[in-house]
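Asker: Supplied structure: entry08.cif, mmCIF, C-alpha atoms.
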```cif
data_upload
loop_
_atom_site.label_atom_id
_atom_site.label_comp_id
_atom_site.auth_asym_id
_atom_site.auth_seq_id
_atom_site.Cartn_x
_atom_site.Cartn_y
_atom_site.Cartn_z
CA MET A 1 135.51 115.39 80.07
CA CYS A 2 132.26 115.23 82.03
CA GLN A 3 133.35 118.23 84.10
CA ASN A 4 133.89 120.21 80.90
CA LEU A 5 130.49 119.23 79.56
CA LEU A 6 128.82 120.47 82.73
CA TRP A 7 130.80 123.70 82.51
CA LYS A 8 129.77 124.31 78.89
CA LYS A 9 126.09 123.95 79.79
CA LEU A 10 126.24 126.81 82.33
CA PRO A 11 124.41 130.01 81.36
CA ASN A 12 126.65 132.91 80.36
CA SER A 13 125.27 135.00 83.23
CA ILE A 14 126.83 132.54 85.68
CA SER A 15 130.13 131.84 83.97
CA SER A 16 130.88 135.50 83.13
CA SER A 17 131.93 136.49 86.66
CA ALA A 18 135.43 135.43 87.64
CA HIS A 19 134.28 134.76 91.20
CA ASN A 20 131.28 132.72 90.06
CA LYS A 21 133.46 130.93 87.54
CA SER A 22 135.82 129.73 90.27
CA ILE A 23 133.00 128.54 92.55
CA VAL A 24 130.96 126.81 89.87
CA ARG A 25 133.97 125.15 88.25
CA LYS A 26 134.82 123.58 91.62
CA TRP A 27 131.26 122.33 91.91
CA CYS A 28 131.34 120.89 88.38
CA TRP A 29 134.60 119.11 89.19
CA SER A 30 133.29 117.66 92.47
CA TRP A 31 130.07 116.44 90.84
CA TYR A 32 131.84 113.92 88.63
CA ASN A 33 133.61 110.96 90.15
CA PRO A 34 135.49 108.27 88.17
CA PRO A 35 133.49 105.01 87.97
CA HIS A 36 136.28 102.81 89.36
CA GLN A 37 135.00 103.21 92.92
CA GLN A 38 132.65 100.46 93.99
CA ILE A 39 129.31 101.24 95.56
CA ALA A 40 127.77 99.17 98.33
CA SER A 41 124.07 99.41 97.56
CA SER A 42 123.00 98.07 100.92
CA SER A 43 125.92 99.20 103.05
CA CYS A 44 123.81 101.29 105.40
CA SER A 45 121.11 99.66 107.46
CA SER A 46 118.49 101.28 109.62
CA THR A 47 118.82 101.40 113.36
CA THR A 48 115.65 100.20 115.00
CA SER A 49 114.50 100.06 118.58
CA SER A 50 111.62 98.52 120.46
CA THR A 51 110.89 101.76 122.31
CA THR A 52 112.01 105.35 122.23
CA ASN A 53 114.09 104.63 125.33
CA ASP A 54 116.59 102.62 123.29
CA LEU A 55 118.89 105.53 122.51
CA PRO A 56 122.16 105.39 120.61
CA SER A 57 125.39 105.41 122.56
CA PRO A 58 126.89 108.82 123.42
CA GLY A 59 128.57 110.38 120.42
CA ALA A 60 126.81 108.11 117.92
CA ALA A 61 124.62 109.61 115.21
CA PRO A 62 120.90 109.19 115.93
CA PRO A 63 119.16 106.54 113.83
CA ARG A 64 117.41 107.86 110.73
CA VAL A 65 114.44 105.56 111.40
CA ILE A 66 113.10 104.37 114.76
CA LEU A 67 110.92 101.27 114.74
CA HIS A 68 108.52 101.13 117.68
CA HIS A 69 106.97 97.75 118.41
CA LEU A 70 103.53 98.49 119.87
CA GLU A 71 100.97 96.04 121.22
CA HIS A 72 99.08 93.51 119.08
CA GLY A 73 101.61 93.52 116.25
CA ILE A 74 101.28 97.24 115.46
CA LYS A 75 104.59 98.64 114.20
CA HIS A 76 105.30 102.37 114.22
CA VAL A 77 107.97 103.53 111.75
CA GLU A 78 109.15 107.01 112.73
CA LEU A 79 111.36 109.07 110.41
CA ASN A 80 113.93 110.57 112.75
CA ARG A 81 115.66 113.55 111.20
CA PRO A 82 113.55 116.38 112.65
CA ASP A 83 116.30 119.02 112.45
CA LYS A 84 116.24 118.60 108.65
CA LEU A 85 112.44 118.17 108.43
CA ASN A 86 113.03 114.45 107.79
CA SER A 87 114.49 115.18 104.36
CA LEU A 88 116.06 112.29 102.49
CA ASP A 89 119.83 111.92 102.61
CA MET A 90 121.62 108.69 101.71
CA ASP A 91 121.40 107.27 105.22
CA MET A 92 117.67 107.99 105.33
CA PHE A 93 117.12 106.23 101.99
CA HIS A 94 118.90 103.10 103.21
CA ALA A 95 117.23 103.20 106.63
CA ILE A 96 113.70 103.34 105.19
CA ALA A 97 114.37 100.60 102.65
CA ASN A 98 115.96 98.37 105.26
CA THR A 99 113.02 98.88 107.63
CA ALA A 100 110.56 97.95 104.88
CA ARG A 101 112.55 94.79 104.16
CA GLU A 102 112.65 93.90 107.85
CA LEU A 103 108.89 94.34 108.28
CA ARG A 104 108.15 92.45 105.06
CA GLN A 105 109.75 89.41 106.69
CA ASP A 106 108.21 89.96 110.14
CA LYS A 107 105.27 87.59 110.52
CA THR A 108 104.29 89.20 113.82
CA ALA A 109 103.48 92.50 112.08
CA ARG A 110 99.77 93.21 111.70
CA VAL A 111 99.64 96.94 110.90
CA ILE A 112 102.34 99.49 110.10
CA ILE A 113 102.10 103.22 110.82
CA ILE A 114 104.61 105.61 109.22
CA SER A 115 105.09 109.12 110.56
CA GLY A 116 107.73 111.84 110.75
CA LYS A 117 109.20 113.21 113.95
CA GLY A 118 108.98 116.95 114.45
CA ARG A 119 107.41 119.60 112.24
CA ALA A 120 107.17 117.63 109.00
CA PHE A 121 106.43 114.18 107.66
CA CYS A 122 109.17 114.45 105.01
CA THR A 123 110.26 117.36 102.82
CA GLY A 124 111.80 115.23 100.09
CA LEU A 125 115.34 114.97 98.85
CA ASP A 126 118.04 116.72 100.85
CA VAL A 127 119.66 118.16 97.75
CA LYS A 128 122.55 119.70 99.67
CA SER A 129 123.56 116.34 101.14
CA ILE A 130 123.61 114.83 97.65
CA VAL A 131 125.39 117.51 95.64
CA LEU A 132 128.06 118.44 98.19
CA PRO A 133 130.87 115.87 98.03
CA ASN A 134 131.76 116.05 101.74
CA SER A 135 128.24 115.68 103.11
CA ASN A 136 126.95 112.48 104.70
CA SER A 137 126.98 109.29 102.67
CA THR A 138 126.48 105.61 103.26
CA GLY A 139 130.04 104.91 104.21
CA GLY A 140 130.59 108.07 106.24
CA ILE A 141 133.46 110.44 105.75
CA GLY A 142 136.77 108.75 105.11
CA SER A 143 140.07 109.71 103.58
CA SER A 144 140.21 112.74 101.34
CA ASN A 145 140.31 112.26 97.60
CA SER A 146 141.69 115.50 96.24
CA SER A 147 141.59 114.38 92.63
CA THR A 148 137.81 114.19 92.58
CA GLY A 149 136.81 116.63 95.26
CA GLY A 150 134.99 113.81 97.04
CA THR A 151 135.71 111.44 99.86
CA SER A 152 135.59 107.71 100.20
CA SER A 153 135.55 105.15 102.96
CA LYS A 154 135.59 101.42 103.47
CA LYS A 155 132.26 99.78 104.26
CA ASP A 156 131.80 96.00 104.36
CA GLY A 157 135.02 95.65 102.38
CA LEU A 158 133.82 97.92 99.57
CA LEU A 159 134.98 101.41 98.70
CA VAL A 160 132.00 103.73 99.15
CA SER A 161 132.30 107.15 97.60
CA SER A 162 130.66 110.32 98.87
CA SER A 163 130.88 112.16 95.55
CA PRO A 164 127.58 113.45 94.12
CA MET A 165 127.69 111.19 91.07
CA ALA A 166 128.39 108.13 93.21
CA LYS A 167 125.42 108.98 95.44
CA MET A 168 123.17 109.40 92.45
CA GLU A 169 124.33 106.05 91.13
CA GLN A 170 123.42 104.44 94.44
CA LEU A 171 119.92 105.91 94.18
CA LEU A 172 119.36 104.95 90.54
CA GLU A 173 121.11 101.58 90.31
CA ARG A 174 118.68 98.70 89.79
CA PRO A 175 118.09 96.51 91.73
CA SER A 176 118.51 98.31 95.03
CA GLY A 177 119.38 95.22 97.08
CA TYR A 178 116.28 95.54 99.24
CA GLN A 179 113.81 93.82 96.89
CA ARG A 180 113.04 90.10 97.01
CA ASN A 181 116.33 89.18 95.40
CA ASN A 182 116.47 85.41 95.83
CA HIS A 183 114.19 82.75 94.48
CA LYS A 184 113.38 81.23 97.86
CA GLU A 185 111.97 84.52 99.07
CA ASN A 186 110.10 84.91 95.78
CA GLU A 187 108.33 81.63 96.43
CA GLU A 188 107.28 82.81 99.87
CA SER A 189 106.02 86.15 98.58
CA TRP A 190 102.29 86.85 98.78
CA PHE A 191 102.38 89.65 96.24
CA LEU A 192 104.89 88.96 93.44
CA ASP A 193 103.24 85.71 92.50
CA ASP A 194 102.08 86.03 88.93
CA VAL A 195 103.96 84.39 86.08
CA ASN A 196 103.30 85.18 82.45
CA ASP A 197 100.75 82.66 81.21
CA ASP A 198 102.34 82.77 77.76
CA LYS A 199 105.54 81.18 79.10
CA ASP A 200 104.86 77.45 78.82
CA ASP A 201 108.30 76.13 79.66
CA ASP A 202 108.87 75.72 83.41
CA ASP A 203 112.46 76.94 83.20
CA ASN A 204 111.35 80.02 81.30
CA LYS A 205 108.64 80.69 83.89
CA ASP A 206 111.19 80.37 86.65
CA GLU A 207 113.58 82.76 84.93
CA TYR A 208 110.77 85.19 84.08
CA CYS A 209 109.73 85.35 87.72
CA ARG A 210 113.28 86.13 88.84
CA GLU A 211 113.72 88.77 86.14
CA LYS A 212 110.41 90.36 87.03
CA VAL A 213 111.41 90.68 90.67
CA MET A 214 114.94 91.85 89.94
CA ALA A 215 113.67 94.50 87.51
CA LEU A 216 111.54 96.36 90.02
CA GLY A 217 112.82 99.39 91.90
CA ASN A 218 116.03 101.23 92.48
CA LEU A 219 116.78 102.62 95.95
CA ALA A 220 114.96 105.90 95.37
CA GLN A 221 111.85 104.05 94.21
CA ASP A 222 111.98 101.27 96.76
CA ILE A 223 111.55 103.45 99.84
CA ALA A 224 108.01 104.06 98.57
CA TYR A 225 107.29 100.97 96.45
CA LEU A 226 108.41 98.34 98.96
CA TRP A 227 105.54 99.16 101.33
CA ARG A 228 103.16 97.74 98.72
CA ASP A 229 105.04 94.45 99.05
CA VAL A 230 104.39 94.18 102.80
CA PRO A 231 101.35 91.93 103.41
CA VAL A 232 99.81 94.14 106.09
CA PRO A 233 98.06 97.54 105.97
CA VAL A 234 100.43 100.51 105.90
CA ILE A 235 99.06 103.81 107.21
CA ALA A 236 100.89 107.11 106.66
CA VAL A 237 100.34 109.91 109.19
CA LEU A 238 100.98 113.23 107.45
CA THR A 239 101.66 116.47 109.31
CA GLY A 240 103.45 119.71 108.58
CA MET A 241 104.97 119.27 105.12
CA CYS A 242 104.96 116.43 102.61
CA PHE A 243 107.01 117.47 99.59
CA GLY A 244 108.58 115.71 96.62
CA GLY A 245 110.01 112.36 97.65
CA GLY A 246 108.17 112.65 100.95
CA LEU A 247 104.84 112.74 99.13
CA GLN A 248 105.84 109.77 96.98
CA LEU A 249 106.80 107.87 100.14
CA ALA A 250 103.32 108.60 101.55
CA LEU A 251 101.68 107.45 98.31
CA GLY A 252 103.29 104.05 98.80
CA ALA A 253 101.14 103.52 101.90
CA ASP A 254 97.70 101.91 101.72
CA ILE A 255 95.96 104.66 103.72
CA ARG A 256 96.92 108.30 104.34
CA TYR A 257 95.60 110.37 107.26
CA SER A 258 96.52 114.06 107.30
CA THR A 259 95.97 117.28 109.17
CA LYS A 260 93.96 119.89 107.28
CA ASP A 261 96.89 122.29 107.17
CA CYS A 262 99.54 119.80 106.05
CA GLN A 263 101.21 121.05 102.86
CA PHE A 264 101.69 118.84 99.81
CA SER A 265 103.65 119.32 96.61
CA ILE A 266 105.07 117.27 93.76
CA MET A 267 108.12 119.51 93.76
CA GLU A 268 110.57 117.73 91.46
CA THR A 269 110.16 120.13 88.52
CA LYS A 270 111.58 122.87 90.74
CA TRP A 271 114.88 121.03 90.41
CA GLY A 272 114.44 120.13 86.74
CA LEU A 273 113.46 116.56 87.56
CA ILE A 274 110.45 114.27 87.34
CA PRO A 275 108.80 112.40 90.24
CA ASP A 276 110.65 109.11 89.84
CA MET A 277 110.04 107.36 93.17
CA SER A 278 107.17 105.14 91.91
CA ALA A 279 104.72 108.02 91.41
CA SER A 280 103.91 106.72 87.92
CA ILE A 281 102.33 103.72 89.67
CA THR A 282 100.77 105.26 92.77
CA LEU A 283 99.40 108.48 91.27
CA ARG A 284 97.48 106.69 88.52
CA GLU A 285 95.61 104.70 91.17
CA LEU A 286 94.46 107.85 92.97
CA VAL A 287 93.91 110.79 90.60
CA ARG A 288 93.02 111.57 87.00
CA MET A 289 95.87 112.00 84.55
CA ASP A 290 95.18 115.71 84.04
CA VAL A 291 95.33 116.27 87.81
CA ALA A 292 98.63 114.38 88.04
CA LYS A 293 100.04 116.44 85.17
CA GLU A 294 98.88 119.75 86.62
CA LEU A 295 100.36 119.02 90.04
CA THR A 296 103.62 117.77 88.50
CA PHE A 297 104.02 120.55 85.91
CA THR A 298 103.41 123.38 88.40
CA GLY A 299 104.75 121.91 91.63
CA ARG A 300 102.16 124.02 93.42
CA VAL A 301 101.55 123.57 97.13
CA LEU A 302 98.12 122.40 98.32
CA ASN A 303 96.78 121.81 101.79
CA GLY A 304 95.34 118.65 103.31
CA GLU A 305 91.73 119.54 102.54
CA GLU A 306 92.41 119.97 98.82
CA ALA A 307 94.59 116.85 98.82
CA GLU A 308 91.65 114.93 100.27
CA LYS A 309 89.30 116.24 97.59
CA LEU A 310 91.74 115.22 94.85
CA GLY A 311 92.21 111.74 96.32
CA LEU A 312 95.82 112.06 97.48
CA VAL A 313 94.72 111.79 101.12
CA THR A 314 92.27 109.29 102.57
CA ARG A 315 90.97 111.57 105.32
CA CYS A 316 91.82 114.78 107.15
CA SER A 317 91.46 115.19 110.91
CA ASP A 318 92.75 117.23 113.84
CA ASP A 319 94.94 114.36 115.05
CA PRO A 320 95.75 111.83 112.30
CA MET A 321 97.95 109.75 114.61
CA VAL A 322 94.97 109.07 116.89
CA ASP A 323 92.96 108.05 113.81
CA ALA A 324 95.77 105.77 112.63
CA LEU A 325 96.05 104.04 116.00
CA GLU A 326 92.27 103.58 116.18
CA MET A 327 92.27 102.12 112.67
CA ALA A 328 95.17 99.83 113.57
CA GLU A 329 93.44 98.58 116.70
CA GLY A 330 90.40 97.73 114.61
CA LEU A 331 92.40 95.99 111.88
CA VAL A 332 94.20 93.65 114.25
CA LYS A 333 90.78 92.23 115.15
CA ARG A 334 90.31 91.14 111.57
CA SER A 335 91.69 88.00 109.95
CA PRO A 336 95.30 88.63 108.83
CA ASP A 337 94.67 86.44 105.78
CA ALA A 338 91.59 88.41 104.76
CA ILE A 339 93.53 91.68 105.06
CA ALA A 340 96.54 90.35 103.12
CA GLY A 341 94.28 88.85 100.46
CA ALA A 342 92.31 92.08 100.05
CA LYS A 343 95.50 94.11 99.70
CA MET A 344 96.79 91.73 97.04
CA LEU A 345 93.44 91.69 95.22
CA PHE A 346 93.15 95.45 94.81
CA GLN A 347 96.81 96.15 94.07
CA ARG A 348 96.97 93.50 91.37
CA SER A 349 93.61 94.23 89.78
CA TRP A 350 93.05 97.97 90.15
CA THR A 351 94.65 99.17 86.92
CA THR A 352 96.23 96.20 85.14
CA LEU A 353 93.96 93.16 84.93
CA SER A 354 91.02 92.59 82.59
CA GLU A 355 87.53 92.09 84.00
CA ARG A 356 87.84 88.33 83.50
CA GLU A 357 91.17 88.23 85.31
CA CYS A 358 89.77 90.32 88.17
CA LEU A 359 86.84 87.95 88.66
CA GLU A 360 89.10 84.90 88.51
CA LEU A 361 91.47 86.42 91.05
CA GLU A 362 88.58 87.14 93.44
CA SER A 363 87.49 83.49 93.24
CA LYS A 364 91.04 82.17 93.67
CA ILE A 365 91.61 84.18 96.85
CA GLN A 366 88.15 83.48 98.27
CA ARG A 367 88.44 79.72 97.79
CA ARG A 368 91.60 79.75 99.90
CA LEU A 369 90.04 81.87 102.64
CA ILE A 370 86.81 79.93 103.14
CA PRO A 371 88.22 76.67 104.62
CA SER A 372 90.96 78.38 106.66
CA TRP A 373 91.21 78.63 110.43
CA ASN A 374 91.45 82.43 110.34
CA GLN A 375 88.24 82.66 108.35
CA PHE A 376 86.52 80.39 110.89
CA ALA A 377 87.85 82.48 113.79
CA ALA A 378 86.67 85.70 112.14
CA SER A 379 83.18 84.27 111.65
CA ALA A 380 83.01 82.92 115.20
CA LYS A 381 83.71 86.36 116.67
CA ASN A 382 80.38 87.52 115.23
CA PHE A 383 78.70 84.99 117.53
CA GLY A 384 80.44 86.05 120.73
CA MET A 385 83.41 83.69 120.52
CA ASP A 386 86.06 86.38 120.85
CA PHE A 387 88.38 83.97 122.65
CA LEU A 388 89.33 82.22 119.39
CA PRO A 389 92.76 83.55 118.33
CA TYR A 390 93.93 84.17 114.80
CA GLY A 391 96.69 81.95 113.45
CA ASN A 392 99.70 82.97 111.40
CA ARG A 393 99.14 84.61 108.06
CA GLN A 394 99.28 82.26 105.06
CA ASP A 395 101.99 82.50 102.39
CA TRP A 396 100.05 83.89 99.47
CA LYS A 397 102.72 83.22 96.89
CA GLU A 398 102.62 79.52 97.74
CA ILE A 399 98.83 79.52 97.63
CA CYS A 400 98.65 80.97 94.14
CA ARG A 401 101.44 78.72 92.86
CA GLU A 402 99.60 75.61 94.08
CA GLU A 403 96.38 76.87 92.51
CA GLU A 404 98.10 77.29 89.15
CA GLU A 405 99.55 73.76 89.37
CA GLU A 406 96.10 72.34 90.17
CA GLU A 407 94.56 74.15 87.20
CA GLU A 408 97.34 72.94 84.90
CA GLY A 409 96.92 69.37 86.16
CA SER A 410 93.18 69.54 85.57
CA LYS A 411 93.72 70.68 81.99
CA ASN A 412 96.15 67.83 81.34
CA ARG A 413 93.67 65.25 82.64
CA PHE A 414 91.12 66.32 80.08
#
```
Take the structure in the file and give it back as structure tokens.
Answerer:
Amino acid sequence: MCQNLLWKKLPNSISSSAHNKSIVRKWCWSWYNPPHQQIASSSCSSTTSSTTNDLPSPGAAPPRVILHHLEHGIKHVELNRPDKLNSLDMDMFHAIANTARELRQDKTARVIIISGKGRAFCTGLDVKSIVLPNSNSTGGIGSSNSSTGGTSSKKDGLLVSSSPMAKMEQLLERPSGYQRNNHKENEESWFLDDVNDDKDDDDNKDEYCREKVMALGNLAQDIAYLWRDVPVPVIAVLTGMCFGGGLQLALGADIRYSTKDCQFSIMETKWGLIPDMSASITLRELVRMDVAKELTFTGRVLNGEEAEKLGLVTRCSDDPMVDALEMAEGLVKRSPDAIAGAKMLFQRSWTTLSERECLELESKIQRRLIPSWNQFAASAKNFGMDFLPYGNRQDWKEICREEEEEEEGSKNRF
């Protein structure tokens, strides 16, 4: 039935030719896949390496993402699909999300740099890999399924389909499997820490917190949104082209350095789509609504200099990677708690909190920083005591939860 509906929606100019009719009808048939096949939302994980010398074994597909562990806790995330301009296929989606999850849990990370290998940062969705049933998918190519025009394979005990509709379902299904999806991790989170003040019952608060976390992103959104949940600065290095989903991935970073000639475009309308990879959150923090609408409606291409003027890019330079590394080297000399607290402060307060809530949040964070070892070490460095090391970053979720309990206890006493 779904195949017939797709066929009826085709323009007459396409369906009139017998040759076109045969080709397009096959495409319509392959697009739909019966829903009985199970989808493993996290069945593909990224391949990471400490250095570029850690190469895959002969005959193995190269990893979609390479994670370089640099000195002083600097992590370099390199998109590794240069032959396709780092466009997003299913394996790339899973690799980026898995890398973000890994770094979110890595307490040795101090700064993250994201870049693309080759001529482009990322040119967005690899449409061909999604719409063609036999192209790459999470489970790889398995046995033929002639009834649907797709293929399927076993992955972690689940049947993973390579049909276009199954791939789209993997991208749009919520939650993605990469978010903070258990309560223990929620409690250790520094960012997802707020509970609705109107919920007085503890059980309701607990359930509300879980629902809030579970209701965040799908896989397409999480490759950009999850970087906001990492308690360290994330710097995107933008070169060549940054289109569609690639631009939305860059917008998920805290800072964006670009070459002057890098090309940018919110290109989704070209394919009859909207920018749905968290752009509704990130764009509103950077540009006016009319600018966001104009760029989205037209899909026009702009260079790095115009992107900087509009606020999409933090700064343009001849070598943004050099700038990113210099920034990273400077940031690791700062208190990790101060950096994490500042990131939380601005992301929580920038567009959503009232003035009163913003001021209260500033005080709450500052009161926890002032008596801490890392704050003492940061202050001492101004007096020549550079030998004092920073300690581990605090768990900001736990800090805010304790603060709320203290406030509630104080109210009860009076």
Asker: Find the residues near region 304-314 of chain A: any atom within 7 Å, counting all atoms listed in the file, skip ones fewer than 5 places away on the same chain, and give them as a PDB file with C-alpha atoms, in the coordinates of the input.
Answerer:
```
ATOM      1  CA  ILE A 255      95.960 104.660 103.720  1.00  0.00           C
ATOM      2  CA  ARG A 256      96.920 108.300 104.340  1.00  0.00           C
ATOM      3  CA  TYR A 257      95.600 110.370 107.260  1.00  0.00           C
ATOM      4  CA  SER A 258      96.520 114.060 107.300  1.00  0.00           C
ATOM      5  CA  THR A 259      95.970 117.280 109.170  1.00  0.00           C
ATOM      6  CA  LYS A 260      93.960 119.890 107.280  1.00  0.00           C
ATOM      7  CA  ASP A 261      96.890 122.290 107.170  1.00  0.00           C
ATOM      8  CA  CYS A 262      99.540 119.800 106.050  1.00  0.00           C
ATOM      9  CA  GLN A 263     101.210 121.050 102.860  1.00  0.00           C
ATOM     10  CA  LEU A 286      94.460 107.850  92.970  1.00  0.00           C
ATOM     11  CA  VAL A 287      93.910 110.790  90.600  1.00  0.00           C
TER      12      VAL A 287
END
```
Asker: What is the CA of Ala340 (chain A)-CA of Leu359 (chain A) distance in Å, reported with one decimal?
Answerer: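 Answer for the CA of Ala340 (chain A) to CA of Leu359 (chain A) separation: 17.6 Å.
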Asker: Go through A:Ala328, A:Trp350, A:Leu219, A:Ala97 and flag the residue nearest Arg284 (chain A), using only C-alpha atoms for the distances.
Answerer: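 Smallest distance to Arg284 (chain A) is found for A:Trp350.
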Asker: Applying 12 Å and all atoms listed in the file, which residues near Thr282 (chain A) remain after dropping the ones on its own chain fewer than 6 positions away? List them as a compact mmCIF listing (two decimals) with C-alpha atoms, in the coordinates of the input.
Answerer:
```txt
# COMPACT_ATOMS: atom_id res chain seq x y z
CA GLN A 221 111.85 104.05 94.21
CA ALA A 224 108.01 104.06 98.57
CA TYR A 225 107.29 100.97 96.45
CA TRP A 227 105.54 99.16 101.33
CA ARG A 228 103.16 97.74 98.72
CA LEU A 247 104.84 112.74 99.13
CA GLN A 248 105.84 109.77 96.98
CA LEU A 249 106.80 107.87 100.14
CA ALA A 250 103.32 108.60 101.55
CA LEU A 251 101.68 107.45 98.31
CA GLY A 252 103.29 104.05 98.80
CA ALA A 253 101.14 103.52 101.90
CA ASP A 254 97.70 101.91 101.72
CA ILE A 255 95.96 104.66 103.72
CA PRO A 275 108.80 112.40 90.24
CA ASP A 276 110.65 109.11 89.84
CA ARG A 288 93.02 111.57 87.00
CA MET A 289 95.87 112.00 84.55
CA ALA A 292 98.63 114.38 88.04
CA GLY A 311 92.21 111.74 96.32
CA LEU A 312 95.82 112.06 97.48
CA GLN A 347 96.81 96.15 94.07
CA TRP A 350 93.05 97.97 90.15
CA THR A 351 94.65 99.17 86.92
```
Asker: As an exercise, work out the distance from CA of Met92 (chain A) to CA of Arg104 (chain A) in Å and give it to one decimal place.
Answerer: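 Taking CA of Met92 (chain A) as the start and CA of Arg104 (chain A) as the end point, the length is 18.2 Å.
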Asker: Mind giving me the straight-line distance from CA of Met165 (chain A) to CA of Phe243 (chain A) in Å, one decimal?
Answerer: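 If I compute the distance from CA of Met165 (chain A) to CA of Phe243 (chain A), I get 23.2 Å.
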Asker: Box in all listed atoms of region 324-341 of chain A, axis-aligned, with 8 Å more on each side; write out centre and edge lengths in Å to one decimal as lines of an AutoDock Vina configuration file.
Answerer:
```
center_x = 93.4
center_y = 96.1
center_z = 108.6
size_x = 22.2
size_y = 35.3
size_z = 32.2
```
